[in-house]
$ cat my_file.cif   # mmCIF, C-alpha atoms
data_run
#
loop_
_atom_site.group_PDB
_atom_site.id
_atom_site.type_symbol
_atom_site.label_atom_id
_atom_site.label_comp_id
_atom_site.auth_asym_id
_atom_site.auth_seq_id
_atom_site.Cartn_x
_atom_site.Cartn_y
_atom_site.Cartn_z
ATOM 1 C CA MET V 642 102.655 133.617 6.828
ATOM 2 C CA ASP V 643 100.030 135.316 8.972
ATOM 3 C CA ALA V 644 96.345 135.515 8.085
ATOM 4 C CA ASN V 645 96.511 139.190 7.085
ATOM 5 C CA ARG V 646 99.361 138.515 4.684
ATOM 6 C CA ASN V 647 97.444 135.576 3.221
ATOM 7 C CA ARG V 648 94.477 137.899 2.592
ATOM 8 C CA ILE V 649 96.707 140.436 0.855
ATOM 9 C CA VAL V 650 98.248 137.747 -1.368
ATOM 10 C CA GLY V 651 94.807 136.343 -2.126
ATOM 11 C CA ASP V 652 93.413 139.771 -2.939
ATOM 12 C CA CYS V 653 96.288 140.457 -5.338
ATOM 13 C CA LEU V 654 95.797 137.126 -7.072
ATOM 14 C CA ARG V 655 92.028 137.661 -7.298
ATOM 15 C CA ASN V 656 92.579 141.077 -8.908
ATOM 16 C CA MET V 657 94.989 139.568 -11.420
ATOM 17 C CA ARG V 658 92.542 136.770 -12.223
ATOM 18 C CA VAL V 659 89.731 139.253 -12.806
ATOM 19 C CA GLU V 660 92.009 141.449 -14.958
ATOM 20 C CA ALA V 661 92.837 138.329 -16.995
ATOM 21 C CA GLY V 662 89.102 137.847 -17.551
ATOM 22 C CA LEU V 663 88.971 134.477 -15.820
ATOM 23 C CA THR V 664 86.458 133.009 -13.424
ATOM 24 C CA GLN V 665 87.607 130.958 -10.465
ATOM 25 C CA MET V 666 86.394 127.867 -12.305
ATOM 26 C CA GLN V 667 88.425 128.706 -15.420
ATOM 27 C CA LEU V 668 91.553 129.380 -13.375
ATOM 28 C CA SER V 669 91.099 126.197 -11.382
ATOM 29 C CA GLY V 670 90.952 124.281 -14.661
ATOM 30 C CA ARG V 671 94.220 125.832 -15.791
ATOM 31 C CA LEU V 672 95.785 124.974 -12.445
ATOM 32 C CA GLY V 673 94.388 121.450 -12.413
ATOM 33 C CA LYS V 674 92.887 122.124 -8.986
ATOM 34 C CA ALA V 675 89.381 122.319 -7.561
ATOM 35 C CA GLN V 676 87.557 125.655 -7.616
ATOM 36 C CA SER V 677 87.553 125.565 -3.808
ATOM 37 C CA TYR V 678 91.384 125.691 -3.904
ATOM 38 C CA VAL V 679 91.275 129.004 -5.795
ATOM 39 C CA SER V 680 88.586 130.332 -3.467
ATOM 40 C CA LYS V 681 90.633 129.489 -0.362
ATOM 41 C CA ILE V 682 93.717 131.183 -1.834
ATOM 42 C CA GLU V 683 91.773 134.312 -2.757
ATOM 43 C CA THR V 684 90.134 134.637 0.660
ATOM 44 C CA GLY V 685 93.420 134.097 2.482
ATOM 45 C CA GLU V 686 92.195 130.892 4.084
ATOM 46 C CA ARG V 687 95.131 129.031 2.533
ATOM 47 C CA SER V 688 98.686 130.163 1.878
ATOM 48 C CA LEU V 689 100.684 129.363 -1.232
ATOM 49 C CA HIS V 690 103.897 127.408 -1.525
ATOM 50 C CA LEU V 691 106.513 128.852 -3.856
ATOM 51 C CA HIS V 692 105.931 126.224 -6.557
ATOM 52 C CA GLU V 693 102.213 127.081 -6.482
ATOM 53 C CA LEU V 694 103.027 130.725 -7.161
ATOM 54 C CA PHE V 695 104.887 129.598 -10.290
ATOM 55 C CA ASP V 696 101.771 127.639 -11.283
ATOM 56 C CA TYR V 697 99.604 130.724 -10.762
ATOM 57 C CA ALA V 698 101.907 132.847 -12.919
ATOM 58 C CA HIS V 699 101.760 130.281 -15.697
ATOM 59 C CA ALA V 700 97.972 129.870 -15.448
ATOM 60 C CA LEU V 701 97.381 133.632 -15.457
ATOM 61 C CA GLU V 702 99.982 134.135 -18.203
ATOM 62 C CA ILE V 703 101.654 136.802 -16.089
ATOM 63 C CA PRO V 704 105.404 136.973 -15.414
ATOM 64 C CA LEU V 705 106.258 135.733 -11.929
ATOM 65 C CA ASP V 706 108.147 138.932 -11.146
ATOM 66 C CA GLU V 707 105.009 140.968 -11.865
ATOM 67 C CA ILE V 708 103.070 138.894 -9.359
ATOM 68 C CA THR V 709 105.754 139.072 -6.681
ATOM 69 C CA SER V 710 106.257 142.810 -7.251
ATOM 70 C CA THR V 711 102.537 143.514 -6.906
ATOM 71 C CA ILE V 712 102.291 141.430 -3.750
ATOM 72 C CA GLY V 713 105.470 142.994 -2.332
ATOM 73 C CA LYS V 714 104.165 146.523 -2.850
ATOM 74 C CA ARG V 715 100.873 145.681 -1.126
ATOM 75 C CA LEU V 716 102.698 144.103 1.812
ATOM 76 C CA GLU V 717 104.968 147.146 2.157
ATOM 77 C CA LYS V 718 101.951 149.478 2.328
ATOM 78 C CA ARG V 719 100.628 147.424 5.216
ATOM 79 C CA SER V 720 103.783 147.986 7.296
#
$ encode --input "my_file.cif" --output "structure tokens"
Amino acid sequence: MDANRNRIVGDCLRNMRVEAGLTQMQLSGRLGKAQSYVSKIETGERSLHLHELFDYAHALEIPLDEITSTIGKRLEKRS
């Protein structure tokens, strides 16, 4: 995945986290990861593996298809 796509994915996930009323620290606790992991995802510095997207959906208490749909729409706008 290219850097621009990573930023779009990260931006979508950041927006969902904020809408869920969670800080990066709270989300990292739910994920069992360091806060820096969440930060790197949200800034697009790191890409996600598919199993990590499932973890995000669970941690945010959002259906996976909602996450993938939101990301897909943002990626389509970029094209």
$ atom_distance --input "my_file.cif" --atom1 "atom CA of His692 of chain V" --atom2 "atom CA of Glu717 of chain V"
22.7 Å
$ residues_around --input "my_file.cif" --residues "segment 664-680 of chain V" --least-positions-apart "5" --cutoff "12 Å" --atoms "only C-alpha atoms" --output "PyMOL selection string"
chain V and resi 648+651-652+654-659+685-689+692-702
$ resolve_selection --input "my_file.cif" --expression "the PyMOL selection byres ((chain V and resi 711) around 12)" --output "list in words"
Ile649, Val650, Gly651, Asp652, Cys653, Leu654, Asn656, Met657, Ile703, Pro704, Leu705, Asp706, Glu707, Ile708, Thr709, Ser710, Ile712, Gly713, Lys714, Arg715, Leu716, Glu717 and Lys718 of chain V
$ axis_aligned_box --input "my_file.cif" --around "segment 689-701 of chain V" --padding-each-side "5 Å" --output "lines of an AutoDock Vina configuration file"
center_x = 101.9
center_y = 129.9
center_z = -8.5
size_x = 19.1
size_y = 17.4
size_z = 24.5
$ build_atoms --input "my_file.cif" --residues "segment 656-667 of chain V" --atoms "all heavy atoms" --output "short mmCIF file (atom, residue, chain, number, x, y, z; two decimals), in the frame of the given file"
data_model
loop_
_atom_site.label_atom_id
_atom_site.label_comp_id
_atom_site.auth_asym_id
_atom_site.auth_seq_id
_atom_site.Cartn_x
_atom_site.Cartn_y
_atom_site.Cartn_z
N ASN V 656 92.58 139.94 -7.98
CA ASN V 656 92.58 141.08 -8.91
C ASN V 656 93.22 140.71 -10.24
O ASN V 656 92.71 141.09 -11.31
CB ASN V 656 93.29 142.28 -8.29
CG ASN V 656 92.52 142.89 -7.14
OD1 ASN V 656 91.32 142.71 -7.00
ND2 ASN V 656 93.22 143.62 -6.28
N MET V 657 94.31 139.98 -10.19
CA MET V 657 94.99 139.57 -11.42
C MET V 657 94.13 138.60 -12.23
O MET V 657 94.09 138.67 -13.45
CB MET V 657 96.34 138.94 -11.09
CG MET V 657 97.34 139.93 -10.57
SD MET V 657 98.87 139.11 -10.12
CE MET V 657 99.64 140.40 -9.16
N ARG V 658 93.44 137.70 -11.54
CA ARG V 658 92.54 136.77 -12.22
C ARG V 658 91.42 137.52 -12.93
O ARG V 658 91.13 137.26 -14.10
CB ARG V 658 91.93 135.77 -11.22
CG ARG V 658 90.87 134.86 -11.85
CD ARG V 658 90.22 133.95 -10.85
NE ARG V 658 89.59 134.58 -9.72
CZ ARG V 658 88.40 135.21 -9.75
NH1 ARG V 658 87.72 135.30 -10.88
NH2 ARG V 658 87.89 135.74 -8.65
N VAL V 659 90.82 138.47 -12.22
CA VAL V 659 89.73 139.25 -12.81
C VAL V 659 90.24 140.06 -14.00
O VAL V 659 89.59 140.12 -15.05
CB VAL V 659 89.07 140.15 -11.73
CG1 VAL V 659 88.11 141.15 -12.35
CG2 VAL V 659 88.36 139.30 -10.68
N GLU V 660 91.42 140.69 -13.85
CA GLU V 660 92.01 141.45 -14.96
C GLU V 660 92.28 140.55 -16.16
O GLU V 660 92.21 141.01 -17.30
CB GLU V 660 93.30 142.14 -14.51
CG GLU V 660 93.07 143.32 -13.60
CD GLU V 660 94.36 143.93 -13.09
OE1 GLU V 660 95.44 143.67 -13.68
OE2 GLU V 660 94.30 144.69 -12.10
N ALA V 661 92.59 139.28 -15.91
CA ALA V 661 92.84 138.33 -17.00
C ALA V 661 91.53 137.84 -17.61
O ALA V 661 91.54 137.10 -18.59
CB ALA V 661 93.66 137.15 -16.48
N GLY V 662 90.40 138.23 -17.02
CA GLY V 662 89.10 137.85 -17.55
C GLY V 662 88.72 136.40 -17.26
O GLY V 662 87.97 135.79 -18.02
N LEU V 663 89.22 135.87 -16.17
CA LEU V 663 88.97 134.48 -15.82
C LEU V 663 88.06 134.36 -14.60
O LEU V 663 88.16 135.17 -13.67
CB LEU V 663 90.28 133.75 -15.51
CG LEU V 663 91.30 133.64 -16.63
CD1 LEU V 663 92.61 133.08 -16.09
CD2 LEU V 663 90.76 132.78 -17.75
N THR V 664 87.22 133.36 -14.61
CA THR V 664 86.46 133.01 -13.42
C THR V 664 87.32 132.10 -12.55
O THR V 664 88.35 131.57 -13.01
CB THR V 664 85.16 132.25 -13.79
OG1 THR V 664 85.53 130.99 -14.38
CG2 THR V 664 84.29 133.06 -14.75
N GLN V 665 86.89 131.90 -11.32
CA GLN V 665 87.61 130.96 -10.46
C GLN V 665 87.61 129.57 -11.09
O GLN V 665 88.61 128.87 -11.03
CB GLN V 665 86.97 130.89 -9.07
CG GLN V 665 87.30 132.05 -8.19
CD GLN V 665 86.79 131.86 -6.77
OE1 GLN V 665 86.05 130.92 -6.47
NE2 GLN V 665 87.20 132.75 -5.87
N MET V 666 86.50 129.20 -11.69
CA MET V 666 86.39 127.87 -12.30
C MET V 666 87.38 127.73 -13.47
O MET V 666 88.04 126.69 -13.62
CB MET V 666 84.96 127.61 -12.78
CG MET V 666 84.74 126.19 -13.23
SD MET V 666 85.01 124.98 -11.91
CE MET V 666 83.41 125.00 -11.16
N GLN V 667 87.49 128.76 -14.29
CA GLN V 667 88.42 128.71 -15.42
C GLN V 667 89.86 128.62 -14.93
O GLN V 667 90.67 127.84 -15.45
CB GLN V 667 88.24 129.92 -16.31
CG GLN V 667 86.94 129.92 -17.08
CD GLN V 667 86.64 131.27 -17.71
OE1 GLN V 667 86.92 132.33 -17.15
NE2 GLN V 667 86.04 131.23 -18.91
#
